[in-house]
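One file, coords.pdb, is given below (PDB, C-alpha atoms).
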ATOM      1  CA  MET P1489     -56.174  94.538 199.195
ATOM      2  CA  PRO P1490     -59.162  96.538 200.519
ATOM      3  CA  LEU P1491     -59.092  98.108 203.961
ATOM      4  CA  ALA P1492     -60.362  95.689 206.622
ATOM      5  CA  LEU P1493     -61.531  96.812 210.079
ATOM      6  CA  ARG P1494     -62.094  94.007 212.544
ATOM      7  CA  LEU P1495     -64.574  94.820 215.309
ATOM      8  CA  GLY P1496     -64.088  93.110 218.650
ATOM      9  CA  SER P1497     -66.905  92.406 221.082
ATOM     10  CA  ASP P1498     -66.311  95.737 222.875
ATOM     11  CA  ASP P1499     -66.555  97.601 219.569
ATOM     12  CA  LEU P1500     -69.778  95.843 218.627
ATOM     13  CA  THR P1501     -71.468  96.729 221.907
ATOM     14  CA  ARG P1502     -70.358 100.370 221.576
ATOM     15  CA  CYS P1503     -71.392 101.124 217.998
ATOM     16  CA  ARG P1504     -73.307 104.401 217.957
ATOM     17  CA  PHE P1505     -74.665 107.118 215.677
ATOM     18  CA  ALA P1506     -74.060 110.853 215.707
ATOM     19  CA  ILE P1507     -75.033 113.947 213.721
ATOM     20  CA  SER P1508     -72.234 116.499 213.506
ATOM     21  CA  PRO P1509     -72.913 119.989 212.082
ATOM     22  CA  LEU P1510     -69.147 120.613 212.001
ATOM     23  CA  CYS P1511     -68.450 117.422 210.077
ATOM     24  CA  GLN P1512     -71.309 118.193 207.679
ATOM     25  CA  THR P1513     -69.796 121.622 207.035
ATOM     26  CA  HIS P1514     -66.460 120.176 206.060
ATOM     27  CA  GLU P1515     -67.995 117.407 203.975
ATOM     28  CA  ALA P1516     -69.860 120.186 202.132
ATOM     29  CA  LEU P1517     -66.556 121.949 201.503
ATOM     30  CA  ARG P1518     -64.982 118.736 200.263
ATOM     31  CA  MET P1519     -67.978 118.236 197.989
ATOM     32  CA  LEU P1520     -67.370 121.693 196.497
ATOM     33  CA  ARG P1521     -63.805 120.676 195.651
ATOM     34  CA  ARG P1522     -64.685 117.287 194.184
ATOM     35  CA  PRO P1523     -66.950 117.315 191.104
ATOM     36  CA  ALA P1524     -67.604 113.575 191.440
ATOM     37  CA  ARG P1525     -69.744 114.414 194.480
ATOM     38  CA  HIS P1526     -71.804 117.127 192.758
ATOM     39  CA  GLY P1527     -74.504 114.850 191.333
ATOM     40  CA  TYR P1528     -77.293 115.343 193.874
ATOM     41  CA  HIS P1529     -76.286 118.921 194.637
ATOM     42  CA  ARG P1530     -76.275 120.645 191.261
ATOM     43  CA  GLY P1531     -79.455 122.583 192.006
ATOM     44  CA  TRP P1532     -78.096 123.660 195.389
ATOM     45  CA  LEU P1533     -74.804 124.692 193.778
ATOM     46  CA  ARG P1534     -76.662 126.872 191.257
ATOM     47  CA  ARG P1535     -78.780 128.421 193.996
ATOM     48  CA  MET P1536     -75.711 129.135 196.146
ATOM     49  CA  GLY P1537     -73.594 130.443 193.274
ATOM     50  CA  ARG P1538     -73.592 134.079 194.376
ATOM     51  CA  THR P1539     -72.989 133.138 198.020
ATOM     52  CA  LEU P1540     -70.077 130.890 197.056
ATOM     53  CA  ALA P1541     -68.576 133.601 194.862
ATOM     54  CA  GLY P1542     -68.494 135.982 197.829
ATOM     55  CA  LEU P1543     -67.094 133.436 200.274
ATOM     56  CA  ASP P1544     -63.298 133.554 200.308
ATOM     57  CA  LEU P1545     -62.151 130.290 201.881
ATOM     58  CA  THR P1546     -58.641 130.250 200.413
ATOM     59  CA  PRO P1547     -56.802 129.254 203.636
ATOM     60  CA  LEU P1548     -59.227 126.349 204.107
ATOM     61  CA  TRP P1549     -58.783 125.108 200.541
ATOM     62  CA  LEU P1550     -55.120 124.589 201.375
ATOM     63  CA  PHE P1551     -56.199 121.566 203.449
ATOM     64  CA  VAL P1552     -58.946 120.184 201.204
ATOM     65  CA  PRO P1553     -57.147 118.381 198.366
ATOM     66  CA  PRO P1554     -59.346 118.584 195.254
ATOM     67  CA  ALA P1555     -58.473 115.123 193.938
ATOM     68  CA  GLY P1556     -58.783 113.187 197.156
ATOM     69  CA  GLY P1557     -56.216 112.895 199.888
ATOM     70  CA  TYR P1558     -56.192 113.643 203.575
ATOM     71  CA  THR P1559     -58.061 116.524 205.205
ATOM     72  CA  PRO P1560     -56.982 117.286 208.805
ATOM     73  CA  ASP P1561     -59.300 115.414 211.161
ATOM     74  CA  PHE P1562     -59.544 118.279 213.645
ATOM     75  CA  LEU P1563     -61.495 120.270 211.023
ATOM     76  CA  GLY P1564     -64.425 117.860 211.402
ATOM     77  CA  ALA P1565     -63.547 115.626 214.305
ATOM     78  CA  PRO P1566     -65.873 112.792 215.402
ATOM     79  CA  PRO P1567     -68.113 114.189 218.154
ATOM     80  CA  GLY P1568     -68.223 112.706 221.608
ATOM     81  CA  GLU P1569     -72.010 113.018 221.883
ATOM     82  CA  PRO P1570     -74.872 112.090 219.551
ATOM     83  CA  TYR P1571     -76.253 115.552 218.718
ATOM     84  CA  PRO P1572     -73.712 118.294 219.463
ATOM     85  CA  SER P1573     -74.414 121.900 218.576
ATOM     86  CA  PHE P1574     -72.270 123.623 215.986
ATOM     87  CA  GLU P1575     -71.134 126.138 218.628
ATOM     88  CA  ASP P1576     -69.872 123.392 220.947
ATOM     89  CA  GLU P1577     -68.076 121.626 218.123
ATOM     90  CA  LEU P1578     -66.465 124.848 216.939
ATOM     91  CA  ALA P1579     -65.236 125.559 220.480
ATOM     92  CA  ARG P1580     -63.714 122.084 220.545
ATOM     93  CA  MET P1581     -62.021 122.758 217.217
ATOM     94  CA  ARG P1582     -60.591 126.050 218.505
ATOM     95  CA  ALA P1583     -59.112 124.145 221.473
ATOM     96  CA  THR P1584     -57.154 121.745 219.237
ATOM     97  CA  ASP P1585     -53.660 120.995 220.554
ATOM     98  CA  PRO P1586     -51.255 122.926 218.265
ATOM     99  CA  ALA P1587     -48.907 119.919 218.092
ATOM    100  CA  LEU P1588     -51.752 117.684 216.866
ATOM    101  CA  ALA P1589     -52.856 120.370 214.412
ATOM    102  CA  HIS P1590     -49.299 120.646 213.045
ATOM    103  CA  THR P1591     -49.088 116.872 212.522
ATOM    104  CA  GLU P1592     -52.425 116.679 210.739
ATOM    105  CA  MET P1593     -51.852 119.780 208.599
ATOM    106  CA  ALA P1594     -48.410 118.519 207.544
ATOM    107  CA  ARG P1595     -49.939 115.180 206.529
ATOM    108  CA  SER P1596     -52.605 116.980 204.506
ATOM    109  CA  LEU P1597     -50.154 119.301 202.747
ATOM    110  CA  ALA P1598     -47.960 116.314 201.837
ATOM    111  CA  CYS P1599     -50.803 115.007 199.638
ATOM    112  CA  THR P1600     -50.010 117.774 197.110
ATOM    113  CA  PRO P1601     -46.362 117.787 195.964
ATOM    114  CA  GLY P1602     -44.597 121.017 196.880
ATOM    115  CA  LEU P1603     -47.468 122.483 198.902
ATOM    116  CA  ALA P1604     -45.790 122.080 202.298
ATOM    117  CA  GLN P1605     -42.763 124.010 200.974
ATOM    118  CA  SER P1606     -44.859 126.786 199.463
ATOM    119  CA  ARG P1607     -45.131 130.186 201.143
ATOM    120  CA  ARG P1608     -48.694 129.523 202.299
ATOM    121  CA  GLY P1609     -47.862 126.004 203.470
ATOM    122  CA  ARG P1610     -44.876 127.144 205.517
ATOM    123  CA  ALA P1611     -46.858 130.011 207.053
ATOM    124  CA  ALA P1612     -49.624 127.633 208.155
ATOM    125  CA  LEU P1613     -47.168 125.219 209.770
ATOM    126  CA  ASP P1614     -44.960 127.874 211.387
ATOM    127  CA  ASP P1615     -47.713 128.904 213.822
ATOM    128  CA  PRO P1616     -50.286 126.105 214.066
ATOM    129  CA  ALA P1617     -52.162 127.748 216.961
ATOM    130  CA  VAL P1618     -52.894 130.845 214.881
ATOM    131  CA  THR P1619     -53.739 128.705 211.859
ATOM    132  CA  VAL P1620     -56.299 126.719 213.869
ATOM    133  CA  GLN P1621     -58.083 129.933 214.891
ATOM    134  CA  ARG P1622     -58.058 131.216 211.300
ATOM    135  CA  LEU P1623     -59.489 127.938 210.023
ATOM    136  CA  ALA P1624     -62.139 127.979 212.760
ATOM    137  CA  ASP P1625     -63.174 131.507 211.747
ATOM    138  CA  LEU P1626     -63.540 130.422 208.124
ATOM    139  CA  THR P1627     -65.450 127.280 209.141
ATOM    140  CA  GLU P1628     -67.874 129.430 211.100
ATOM    141  CA  ARG P1629     -68.420 131.653 208.042
ATOM    142  CA  ALA P1630     -68.970 128.604 205.835
ATOM    143  CA  TRP P1631     -71.503 127.145 208.289
ATOM    144  CA  HIS P1632     -73.593 130.302 208.473
ATOM    145  CA  ALA P1633     -73.454 130.926 204.716
ATOM    146  CA  LEU P1634     -73.949 127.393 203.388
ATOM    147  CA  LEU P1635     -75.618 125.102 205.921
ATOM    148  CA  ALA P1636     -77.283 127.008 208.763
ATOM    149  CA  PRO P1637     -80.220 128.339 206.668
ATOM    150  CA  ASP P1638     -81.180 124.794 205.575
ATOM    151  CA  TRP P1639     -79.975 122.905 208.653
ATOM    152  CA  PRO P1640     -83.450 121.802 209.866
ATOM    153  CA  ARG P1641     -84.006 120.031 206.533
ATOM    154  CA  HIS P1642     -80.525 118.502 206.596
ATOM    155  CA  ARG P1643     -80.942 117.332 210.166
ATOM    156  CA  ALA P1644     -84.344 115.801 209.366
ATOM    157  CA  VAL P1645     -82.776 113.710 206.576
ATOM    158  CA  LEU P1646     -79.959 112.578 208.871
ATOM    159  CA  GLU P1647     -82.331 111.749 211.730
ATOM    160  CA  ALA P1648     -84.593 109.823 209.370
ATOM    161  CA  ASP P1649     -81.596 107.784 208.196
ATOM    162  CA  ILE P1650     -80.621 106.956 211.765
ATOM    163  CA  ALA P1651     -84.222 106.005 212.616
ATOM    164  CA  HIS P1652     -84.370 103.675 209.599
ATOM    165  CA  ARG P1653     -81.066 101.985 210.401
ATOM    166  CA  SER P1654     -81.968 101.681 214.073
ATOM    167  CA  ARG P1655     -85.122  99.813 213.040
ATOM    168  CA  ARG P1656     -82.995  97.528 210.859
ATOM    169  CA  ALA P1657     -80.784  96.805 213.850
ATOM    170  CA  ALA P1658     -83.832  96.163 216.037
ATOM    171  CA  ASP P1659     -85.303  93.773 213.454
ATOM    172  CA  GLY P1660     -82.162  91.987 212.299
ATOM    173  CA  GLY P1661     -79.345  92.867 214.685
ATOM    174  CA  LEU P1662     -76.005  94.465 213.893
ATOM    175  CA  ASP P1663     -75.602  92.269 210.818
ATOM    176  CA  ALA P1664     -78.638  93.920 209.218
ATOM    177  CA  LEU P1665     -77.353  97.362 210.208
ATOM    178  CA  LEU P1666     -73.784  97.023 208.955
ATOM    179  CA  THR P1667     -74.527  95.207 205.690
ATOM    180  CA  GLY P1668     -76.708  98.056 204.409
ATOM    181  CA  LEU P1669     -74.473 101.062 205.014
ATOM    182  CA  HIS P1670     -72.983 101.404 201.522
ATOM    183  CA  PRO P1671     -72.516  99.224 198.420
ATOM    184  CA  SER P1672     -68.744  99.247 198.894
ATOM    185  CA  VAL P1673     -68.906  98.188 202.562
ATOM    186  CA  ASP P1674     -68.980  94.462 203.319
ATOM    187  CA  TRP P1675     -69.550  92.874 206.705
ATOM    188  CA  ALA P1676     -68.576  89.293 207.519
ATOM    189  CA  ASP P1677     -66.746  87.483 210.324
ATOM    190  CA  HIS P1678     -66.728  90.577 212.557
ATOM    191  CA  THR P1679     -64.860  92.493 209.844
ATOM    192  CA  LEU P1680     -65.934  95.603 207.948
ATOM    193  CA  THR P1681     -64.274  95.669 204.534
ATOM    194  CA  LEU P1682     -64.114  98.997 202.705
ATOM    195  CA  ARG P1683     -63.533  98.159 199.070
ATOM    196  CA  ARG P1684     -62.902 101.795 198.054
ATOM    197  CA  TYR P1685     -59.873 102.012 200.335
ATOM    198  CA  ALA P1686     -56.545 100.287 199.903
ATOM    199  CA  GLU P1687     -55.069  98.488 202.884
ATOM    200  CA  LEU P1688     -52.768 100.846 204.806
ATOM    201  CA  ALA P1689     -50.196  99.773 207.328
ATOM    202  CA  ASP P1690     -50.885 102.847 209.509
ATOM    203  CA  ALA P1691     -54.692 102.761 209.209
ATOM    204  CA  GLN P1692     -56.423 103.190 212.533
ATOM    205  CA  ARG P1693     -58.028  99.986 213.785
ATOM    206  CA  PRO P1694     -61.050  99.652 216.074
ATOM    207  CA  ASP P1695     -59.684  99.609 219.599
ATOM    208  CA  GLY P1696     -62.603  98.853 221.905
ATOM    209  CA  ARG P1697     -64.133 102.345 221.838
ATOM    210  CA  GLY P1698     -66.688 101.213 219.274
ATOM    211  CA  LEU P1699     -67.418 102.401 215.767
ATOM    212  CA  LEU P1700     -69.071 105.779 215.267
ATOM    213  CA  LEU P1701     -71.515 105.858 212.341
ATOM    214  CA  MET P1702     -72.333 109.248 210.835
ATOM    215  CA  PRO P1703     -74.720 109.756 207.899
ATOM    216  CA  SER P1704     -73.939 112.634 205.546
ATOM    217  CA  VAL P1705     -75.773 114.302 202.678
ATOM    218  CA  PHE P1706     -72.511 115.444 201.074
ATOM    219  CA  VAL P1707     -70.303 112.338 201.023
ATOM    220  CA  TRP P1708     -72.047 110.442 198.177
ATOM    221  CA  PRO P1709     -70.854 108.441 196.241
ATOM    222  CA  ASP P1710     -68.004 107.889 198.686
ATOM    223  CA  VAL P1711     -67.798 106.434 202.135
ATOM    224  CA  VAL P1712     -65.209 107.957 204.481
ATOM    225  CA  SER P1713     -63.108 106.210 207.096
ATOM    226  CA  GLY P1714     -59.845 108.058 207.479
ATOM    227  CA  PHE P1715     -59.685 109.203 211.079
ATOM    228  CA  ALA P1716     -56.335 108.657 212.773
ATOM    229  CA  GLN P1717     -55.428 108.610 216.457
ATOM    230  CA  PRO P1718     -56.561 110.061 218.804
ATOM    231  CA  TRP P1719     -60.013 110.208 217.172
ATOM    232  CA  GLN P1720     -62.609 107.482 217.555
ATOM    233  CA  PRO P1721     -62.836 105.041 214.606
ATOM    234  CA  THR P1722     -65.606 106.475 212.426
ATOM    235  CA  LEU P1723     -67.475 105.661 209.236
ATOM    236  CA  ILE P1724     -69.224 108.459 207.308
ATOM    237  CA  TYR P1725     -71.699 107.153 204.751
ATOM    238  CA  PRO P1726     -74.367 108.649 202.420
ATOM    239  CA  ALA P1727     -77.692 109.256 204.151
ATOM    240  CA  ARG P1728     -80.833 107.627 202.792
ATOM    241  CA  GLY P1729     -83.198 110.133 201.204
ATOM    242  CA  MET P1730     -80.496 112.704 200.479
ATOM    243  CA  GLY P1731     -81.742 112.877 196.884
ATOM    244  CA  HIS P1732     -84.984 114.426 198.150
ATOM    245  CA  LEU P1733     -83.256 117.106 200.220
ATOM    246  CA  TYR P1734     -83.720 119.816 197.614
ATOM    247  CA  ALA P1735     -87.164 118.769 196.442
ATOM    248  CA  ASP P1736     -89.770 121.476 196.018
ATOM    249  CA  PRO P1737     -91.139 122.613 199.392
ATOM    250  CA  PRO P1738     -94.559 121.319 200.417
ATOM    251  CA  PRO P1739     -97.570 123.522 199.661
ATOM    252  CA  ARG P1740     -98.348 126.278 202.128
ATOM    253  CA  PRO P1741    -101.452 125.549 204.186
ATOM    254  CA  PRO P1742    -104.418 127.920 203.983
ATOM    255  CA  ARG P1743    -104.191 130.689 206.579
ATOM    256  CA  ALA P1744    -107.443 129.706 208.232
ATOM    257  CA  LEU P1745    -106.213 126.133 208.603
ATOM    258  CA  ALA P1746    -102.913 127.328 210.077
ATOM    259  CA  ARG P1747    -104.797 129.420 212.625
ATOM    260  CA  LEU P1748    -106.968 126.441 213.521
ATOM    261  CA  LEU P1749    -104.285 123.753 213.798
ATOM    262  CA  GLY P1750    -101.058 125.682 214.149
ATOM    263  CA  HIS P1751     -98.731 126.311 211.201
ATOM    264  CA  ARG P1752     -96.592 123.161 211.396
ATOM    265  CA  ARG P1753     -99.487 120.773 211.966
ATOM    266  CA  ALA P1754    -101.440 122.421 209.161
ATOM    267  CA  ALA P1755     -98.389 122.182 206.893
ATOM    268  CA  VAL P1756     -98.109 118.447 207.565
ATOM    269  CA  LEU P1757    -101.790 117.985 206.717
ATOM    270  CA  ALA P1758    -101.588 120.114 203.557
ATOM    271  CA  GLY P1759     -98.383 118.361 202.483
ATOM    272  CA  LEU P1760    -100.052 114.952 202.427
ATOM    273  CA  THR P1761    -100.888 115.147 198.743
ATOM    274  CA  ALA P1762    -100.062 111.428 198.480
ATOM    275  CA  PRO P1763     -99.749 108.661 201.095
ATOM    276  CA  SER P1764     -96.474 109.231 202.943
ATOM    277  CA  SER P1765     -94.493 107.827 205.832
ATOM    278  CA  THR P1766     -93.298 109.727 208.873
ATOM    279  CA  THR P1767     -89.794 109.668 207.415
ATOM    280  CA  ASP P1768     -90.945 111.116 204.089
ATOM    281  CA  LEU P1769     -92.808 113.933 205.812
ATOM    282  CA  ALA P1770     -89.878 114.695 208.111
ATOM    283  CA  ARG P1771     -87.636 115.156 205.076
ATOM    284  CA  ARG P1772     -90.148 117.320 203.229
ATOM    285  CA  HIS P1773     -90.850 119.653 206.121
ATOM    286  CA  GLY P1774     -87.404 119.778 207.695
ATOM    287  CA  LEU P1775     -88.710 118.460 211.003
ATOM    288  CA  ALA P1776     -87.526 115.731 213.342
ATOM    289  CA  PRO P1777     -89.387 112.427 212.818
ATOM    290  CA  SER P1778     -90.546 112.533 216.455
ATOM    291  CA  THR P1779     -92.160 115.947 215.869
ATOM    292  CA  VAL P1780     -93.915 114.754 212.718
ATOM    293  CA  SER P1781     -95.084 111.611 214.509
ATOM    294  CA  ALA P1782     -96.703 113.711 217.241
ATOM    295  CA  HIS P1783     -98.508 115.862 214.658
ATOM    296  CA  LEU P1784     -99.713 112.780 212.768
ATOM    297  CA  SER P1785    -101.105 111.224 215.932
ATOM    298  CA  THR P1786    -103.078 114.357 216.736
ATOM    299  CA  LEU P1787    -104.411 114.664 213.181
ATOM    300  CA  ARG P1788    -105.417 111.018 213.108
ATOM    301  CA  GLU P1789    -107.222 111.287 216.443
ATOM    302  CA  ALA P1790    -109.143 114.237 215.007
ATOM    303  CA  GLY P1791    -110.299 112.111 212.075
ATOM    304  CA  LEU P1792    -108.274 114.061 209.513
ATOM    305  CA  LEU P1793    -105.878 111.218 208.656
ATOM    306  CA  GLU P1794    -105.940 107.484 208.279
ATOM    307  CA  SER P1795    -102.998 105.116 208.346
ATOM    308  CA  ARG P1796    -102.202 101.754 206.857
ATOM    309  CA  ARG P1797     -99.140  99.530 206.984
ATOM    310  CA  ARG P1798     -97.205  98.750 203.817
ATOM    311  CA  SER P1799     -94.371  96.286 204.322
ATOM    312  CA  HIS P1800     -92.244  97.798 207.126
ATOM    313  CA  HIS P1801     -93.695 101.302 206.799
ATOM    314  CA  VAL P1802     -96.854 103.021 207.989
ATOM    315  CA  LEU P1803     -98.319 105.343 205.369
ATOM    316  CA  TYR P1804    -100.601 108.253 206.238
ATOM    317  CA  ALA P1805    -103.254 109.758 203.987
ATOM    318  CA  ARG P1806    -105.922 112.407 204.428
ATOM    319  CA  THR P1807    -109.497 111.357 205.073
ATOM    320  CA  PRO P1808    -112.341 113.076 203.175
ATOM    321  CA  LEU P1809    -112.685 115.424 206.142
ATOM    322  CA  GLY P1810    -108.956 116.213 205.974
ATOM    323  CA  ASP P1811    -109.268 116.907 202.241
ATOM    324  CA  ALA P1812    -112.228 119.191 202.856
ATOM    325  CA  LEU P1813    -110.347 121.178 205.499
ATOM    326  CA  VAL P1814    -107.307 121.660 203.272
ATOM    327  CA  GLU P1815    -109.469 122.631 200.294
ATOM    328  CA  GLY P1816    -111.665 124.924 202.384
ATOM    329  CA  ASP P1817    -114.839 122.980 201.621
ATOM    330  CA  VAL P1818    -116.064 122.569 205.187
ATOM    331  CA  GLY P1819    -119.149 124.715 205.580
ATOM    332  CA  PRO P1820    -120.811 125.982 208.740
ATOM    333  CA  GLY P1821    -123.108 122.975 208.936
ATOM    334  CA  ALA P1822    -120.423 120.318 208.411
ATOM    335  CA  GLY P1823    -120.285 117.495 210.903
TER     336      GLY P1823
END
Can you turn what I pasted into structure tokens?
Amino acid sequence: MPLALRLGSDDLTRCRFAISPLCQTHEALRMLRRPARHGYHRGWLRRMGRTLAGLDLTPLWLFVPPAGGYTPDFLGAPPGEPYPSFEDELARMRATDPALAHTEMARSLACTPGLAQSRRGRAALDDPAVTVQRLADLTERAWHALLAPDWPRHRAVLEADIAHRSRRAADGGLDALLTGLHPSVDWADHTLTLRRYAELADAQRPDGRGLLLMPSVFVWPDVVSGFAQPWQPTLIYPARGMGHLYADPPPRPPRALARLLGHRRAAVLAGLTAPSSTTDLARRHGLAPSTVSAHLSTLREAGLLESRRRSHHVLYARTPLGDALVEGDVGPGAG
């Protein structure tokens, strides 16, 4: 039987989204250990090869089973706010109750026969407080080496996903939101059914705190819902547009145009080589959709862009004047 999570009325009114840098870091580490998740990230893996070779994360790998299994929840706990900073989340991780850490680490080690009885396994469990600090140090190194340099682009993809799904909820209610999260997630009769999970007697059930929804660029093709008490029931699903995360960067705007409009606004204008939506541009430029929207409004008011609606999306394209500015064809007598 698949895992079924029944959402009560309190859960439905408290569904929310969040973007967690800490959780993204640990999903990236799990992706490294699980070749089935490599598909969209092969180019990134090649580019990061030297960095990965110099990053010794051996104590962390102890708790990231390569063939599936449980990873301690405190390593990437569900955040209590929508957009926490990595620093705040890391501080929360460092403050993990040693008794809780011991329980979760023991459960993780039990996924690999003999690992809990190994020298490294026993050492980790003998002093959970020290182990938590060691794992936090390694997580901080992994964040700065693997995610921090590209985080604006990652965050733009995640924010664009949340914006899209929020519009679905606004147009069609929670039914429209929950039915489109993942092909293996079904929603009917107030029940989320996760077909990739087997029914577990000790699985955490929604308890009135609501369901936390977190998009991820590293979880594909899986969907994750394994958080135990005391953590909030959470579903981590693949973000829309993650396949475009490592696309070639947009063209650099001419220097004169950047001086005239500002670098980011000029980059948005130069990057409009084909009609694009706000979401598309946010992903390409690694900017928040709200920032891109503000730039597009200014450029349109200046007569450099035009917009037209296609289905549920608004597409922006350069006007002839916008083309001329990007190509440097506006002479002294123009206008």
> Looking at all atoms listed in the file, which of P:Leu1792, P:Met1702, P:Leu1646, P:Ile1724 is the one that sits closest to Leu1749 of chain P?
Replying inline: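 Counting all atoms listed in the file, the residue closest to Leu1749 of chain P is P:Leu1792.
When only C-alpha atoms are used to compute distances to Ser1781 of chain P, the closest of the residues P:Phe1574, P:Trp1639, P:Phe1562, P:Tyr1804 turns out to be P:Tyr1804.
Comparing the minimum interatomic distances between Glu1794 of chain P and each of P:Leu1809, P:Ala1598, P:Leu1545, P:Ala1782, counting all atoms listed in the file, we find that P:Leu1809 sits nearest.
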>> Once the PyMOL selection byres ((chain P and resi 1695-1697) around 10) has been evaluated on this model, what residues remain selected, and can you format them as a list in words?
In response: Arg1494, Leu1495, Gly1496, Ser1497, Asp1498, Asp1499, Leu1500, Thr1501, Arg1502, Cys1503, Gln1692, Arg1693, Pro1694, Gly1698, Leu1699, Leu1700, Gln1720 and Pro1721 of chain P
> What does the PyMOL selection byres ((chain P and resi 1633-1635) around 9) select in this file, as an NGL selection string?
Replying inline: :P and (1509 or 1512-1513 or 1516 or 1536 or 1539-1540 or 1543 or 1628-1632 or 1636-1639 or 1642)
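Going from atom CA of Glu1647 of chain P over to atom CA of Asp1677 of chain P, you cover 28.9 Å.
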> Could you work out how far atom CA of Gly1564 of chain P lies from atom CA of Pro1601 of chain P, giving the answer in Å with one decimal?
Replying inline: 23.8 Å
> What does the PyMOL selection byres ((chain P and resi 1521) around 12) select in this file, as JSON, numbers by chain?
Replying inline: {"P": [1514, 1515, 1516, 1517, 1518, 1519, 1520, 1522, 1523, 1524, 1525, 1526, 1533, 1545, 1546, 1548, 1549, 1550, 1551, 1552, 1553, 1554, 1555, 1556, 1557, 1559, 1706, 1707]}
> Hey, which of P:Leu1775, P:Tyr1725, P:Leu1665, P:Arg1643 ends up closest to Leu1682 of chain P? Count only C-alpha atoms.
Replying inline: P:Tyr1725
